[in-house]
Amino acid sequence: MSLAWTRISIGAALITGTLALLAADVAIDERLGAAVSPCFWLLLLAVLALAAWETGRMLRLKGHPCRPGVATAFTAILVACAWAEVTDRASGGASAGPVSLARWSHVAGLNAYVMALALLVLLVYTLEVVAVERPGLVGTKPRSAGATPGGDMGRAATSAAWTILTVLSVGLLGTFLARVRFFPGPYGWSGLAYLLLVLGTVKVGDIGAWAIGSTLGRHALVPTLSPKKTWEGLGGGMAGGVAAALAIGCGWLGFSWGAMALFGLAVSAAGVLGDLGESLIKRACGVKDSGPIPGFGGALDILDSLLGAAPVAYFALVLLTGEAQ
């Protein structure tokens, strides 16, 4: 089986499985009479946590200090913050437990995401200070006899930076997918239509870039960072993203042609940046893929463009609808 056919077949299976889970949520929510959407939340938690773990593990295996466990845990915490925020809004602030805590923090002027990230920074600083002063206690190899602590300090600072960057680039950006999924609007399905708009724009753009780039690509876009990416592929990806945005946004959601053309361009461009940012990390590690899936790599490789596109899509929806989550 050729790599192209493997990529197509696995891609089709992933898309079909994702759509099946989203459709199952519609049936569950209708039956319960509430926007519970367990399949979406479990899928988001699984793929973001796996992507964070892949990133941290890839960095450590290639000699870049990082704390994959901390990055994965705080990515999961950010997903929990998104869940509490969405559930609290759906319940009108009447829920108990973690949701009421999220409501209290909101009323008190505290943002759960900001507090979680502040805790992340403080925890990472604590771990790295201990790693320098007491090597071996927190997952750092003891210092060899006669070695100076300067190298340990540099390694600790690098570990802190990579760990925090992993949480920001995977966990924080990834939670915007939940903001899009539960974006308020008149189109029903608790924002599912908006999520499909974003997924369609990004993934059709990815397919267009791969198809045009692999067949007609001649001029390298970023030869040092990603030699196979071409200007022709970029054009194909942007065209595919705009076409998908027009088809879904105009044909289904009733947006204007001009608005969806701009939406498609902005979201597709952000997706390219997400892809290139992930490529930057992989090149720093000297690897091609973050995981073992043929033609795809790992969860990070599948998510990269969506991680870049999700915040831009959310901001665009706020501007287009005048709503905010």
# chains A, B, ... in the order shown; residues from 1 in each chain; ligands from 1
$ closest_atom_pairs --of "stretch 178-220 of chain A" --to "stretch 238-260 of chain A" --cutoff "8 Å" --atoms "only C-alpha atoms" --output "JSON lines"
{"residue": "A:Tyr187", "atom": "CA", "partner": "A:Leu253", "partner_atom": "CA", "distance": 7.0}
{"residue": "A:Ala193", "atom": "CA", "partner": "A:Leu253", "partner_atom": "CA", "distance": 7.7}
{"residue": "A:Leu197", "atom": "CA", "partner": "A:Ile248", "partner_atom": "CA", "distance": 5.9}
{"residue": "A:Val198", "atom": "CA", "partner": "A:Ala245", "partner_atom": "CA", "distance": 7.8}
{"residue": "A:Gly200", "atom": "CA", "partner": "A:Ala244", "partner_atom": "CA", "distance": 5.9}
{"residue": "A:Thr201", "atom": "CA", "partner": "A:Gly241", "partner_atom": "CA", "distance": 4.4}
{"residue": "A:Val202", "atom": "CA", "partner": "A:Gly241", "partner_atom": "CA", "distance": 6.0}
{"residue": "A:Lys203", "atom": "CA", "partner": "A:Gly241", "partner_atom": "CA", "distance": 7.6}
{"residue": "A:Val204", "atom": "CA", "partner": "A:Gly240", "partner_atom": "CA", "distance": 5.5}
{"residue": "A:Gly205", "atom": "CA", "partner": "A:Gly241", "partner_atom": "CA", "distance": 4.2}
{"residue": "A:Asp206", "atom": "CA", "partner": "A:Gly240", "partner_atom": "CA", "distance": 7.9}
{"residue": "A:Ile207", "atom": "CA", "partner": "A:Gly240", "partner_atom": "CA", "distance": 7.6}
{"residue": "A:Gly208", "atom": "CA", "partner": "A:Gly240", "partner_atom": "CA", "distance": 5.3}
{"residue": "A:Ala209", "atom": "CA", "partner": "A:Met238", "partner_atom": "CA", "distance": 7.6}
$ write_last_selection --atoms "N, CA and C atoms" --output "PDB file, in the first residue's frame"
ATOM      1  N   TYR A 187     -27.843  28.951  15.398  1.00  0.00           N
ATOM      2  CA  TYR A 187     -27.882  27.850  14.456  1.00  0.00           C
ATOM      3  C   TYR A 187     -28.062  26.489  15.097  1.00  0.00           C
ATOM      4  N   ALA A 193     -22.227  23.513  14.638  1.00  0.00           N
ATOM      5  CA  ALA A 193     -22.094  23.981  13.256  1.00  0.00           C
ATOM      6  C   ALA A 193     -20.842  24.827  13.087  1.00  0.00           C
ATOM      7  N   LEU A 197     -17.549  24.138  10.770  1.00  0.00           N
ATOM      8  CA  LEU A 197     -17.021  25.168   9.871  1.00  0.00           C
ATOM      9  C   LEU A 197     -15.500  25.272  10.005  1.00  0.00           C
ATOM     10  N   VAL A 198     -15.018  25.295  11.232  1.00  0.00           N
ATOM     11  CA  VAL A 198     -13.574  25.407  11.463  1.00  0.00           C
ATOM     12  C   VAL A 198     -12.848  24.148  11.016  1.00  0.00           C
ATOM     13  N   GLY A 200     -13.807  21.939   8.820  1.00  0.00           N
ATOM     14  CA  GLY A 200     -13.838  21.857   7.363  1.00  0.00           C
ATOM     15  C   GLY A 200     -12.848  22.798   6.718  1.00  0.00           C
ATOM     16  N   THR A 201     -12.788  24.033   7.203  1.00  0.00           N
ATOM     17  CA  THR A 201     -11.865  25.018   6.635  1.00  0.00           C
ATOM     18  C   THR A 201     -10.421  24.555   6.775  1.00  0.00           C
ATOM     19  N   VAL A 202     -10.069  24.093   7.953  1.00  0.00           N
ATOM     20  CA  VAL A 202      -8.671  23.710   8.214  1.00  0.00           C
ATOM     21  C   VAL A 202      -8.299  22.430   7.477  1.00  0.00           C
ATOM     22  N   LYS A 203      -9.132  21.402   7.581  1.00  0.00           N
ATOM     23  CA  LYS A 203      -8.757  20.115   7.021  1.00  0.00           C
ATOM     24  C   LYS A 203      -8.858  20.076   5.494  1.00  0.00           C
ATOM     25  N   VAL A 204      -9.838  20.764   4.915  1.00  0.00           N
ATOM     26  CA  VAL A 204      -9.870  20.858   3.453  1.00  0.00           C
ATOM     27  C   VAL A 204      -8.668  21.660   2.967  1.00  0.00           C
ATOM     28  N   GLY A 205      -8.292  22.679   3.748  1.00  0.00           N
ATOM     29  CA  GLY A 205      -7.076  23.415   3.415  1.00  0.00           C
ATOM     30  C   GLY A 205      -5.836  22.533   3.475  1.00  0.00           C
ATOM     31  N   ASP A 206      -5.747  21.682   4.501  1.00  0.00           N
ATOM     32  CA  ASP A 206      -4.621  20.754   4.607  1.00  0.00           C
ATOM     33  C   ASP A 206      -4.579  19.801   3.405  1.00  0.00           C
ATOM     34  N   ILE A 207      -5.744  19.300   3.023  1.00  0.00           N
ATOM     35  CA  ILE A 207      -5.807  18.377   1.887  1.00  0.00           C
ATOM     36  C   ILE A 207      -5.404  19.088   0.595  1.00  0.00           C
ATOM     37  N   GLY A 208      -5.898  20.330   0.432  1.00  0.00           N
ATOM     38  CA  GLY A 208      -5.541  21.091  -0.758  1.00  0.00           C
ATOM     39  C   GLY A 208      -4.054  21.375  -0.828  1.00  0.00           C
ATOM     40  N   ALA A 209      -3.462  21.716   0.305  1.00  0.00           N
ATOM     41  CA  ALA A 209      -2.024  21.979   0.327  1.00  0.00           C
ATOM     42  C   ALA A 209      -1.223  20.737  -0.013  1.00  0.00           C
TER      43      ALA A 209
END
$ select_by_dssp --residues "stretch 111-235 of chain A" --states "alpha helix (DSSP H)" --output "PyMOL selection string"
chain A and resi 112-133+150-166+173-174+176-181+192-216+231-235
$ residues_around --residues "A:Tyr125" --least-positions-apart "6" --cutoff "9 Å" --atoms "only C-alpha atoms" --output "PyMOL selection string"
chain A and resi 156-157+160
$ closest_residue --among "A:Leu195, A:Glu85, A:Ile8, A:Ile164" --to "A:Thr72" --atoms "only C-alpha atoms"
A:Ile164
$ closest_residue --among "A:Ile302, A:Val272, A:Met153, A:Ala112" --to "A:Val129" --atoms "only C-alpha atoms"
A:Met153
$ atom_distance --atom1 "atom CA of A:Glu232" --atom2 "atom CA of A:Val287"
24.6 Å
$ residues_around --residues "A:Leu78" --least-positions-apart "4" --cutoff "7 Å" --atoms "only C-alpha atoms" --output "PDB file with C-alpha atoms, in the first residue's frame"
ATOM      1  CA  PHE A  74      -1.754  21.153  33.088  1.00  0.00           C
ATOM      2  CA  ALA A  82     -13.019  24.980  29.658  1.00  0.00           C
ATOM      3  CA  TYR A 113      -7.258  29.862  32.792  1.00  0.00           C
ATOM      4  CA  GLY A 171      -3.260  23.126  26.085  1.00  0.00           C
ATOM      5  CA  LEU A 172      -4.176  26.804  25.883  1.00  0.00           C
ATOM      6  CA  THR A 175      -9.132  24.902  24.542  1.00  0.00           C
TER       7      THR A 175
END
$ residues_around --residues "A:Gly274" --least-positions-apart "6" --cutoff "9 Å" --atoms "only C-alpha atoms" --output "short mmCIF file (atom, residue, chain, number, x, y, z; two decimals) with C-alpha atoms, in the first residue's frame"
data_model
loop_
_atom_site.label_atom_id
_atom_site.label_comp_id
_atom_site.auth_asym_id
_atom_site.auth_seq_id
_atom_site.Cartn_x
_atom_site.Cartn_y
_atom_site.Cartn_z
CA SER A 169 0.95 25.82 22.47
CA LEU A 303 -3.68 18.80 15.57
CA ASP A 304 -0.96 21.26 14.55
CA SER A 305 -2.96 23.34 12.07
CA LEU A 306 -6.08 23.24 14.26
CA LEU A 307 -4.12 24.56 17.23
CA GLY A 308 -3.08 27.59 15.21
CA ALA A 309 -6.48 28.10 13.61
#
$ residues_around --residues "A:Glu54" --least-positions-apart "6" --cutoff "10 Å" --atoms "only C-alpha atoms" --output "ChimeraX atom specification"
/A:48,60,68,72,166,290-291,298-301
$ select_by_dssp --residues "stretch 154-305 of chain A" --states "strand (DSSP E)" --output "ChimeraX atom specification"
/A:220-222,226-230
$ closest_residue --among "A:Val124, A:Leu265, A:Leu320, A:Ala34" --to "A:Thr158" --atoms "only C-alpha atoms"
A:Val124
$ atom_distance --atom1 "atom CA of A:Trp5" --atom2 "atom CA of A:Leu177"
28.8 Å
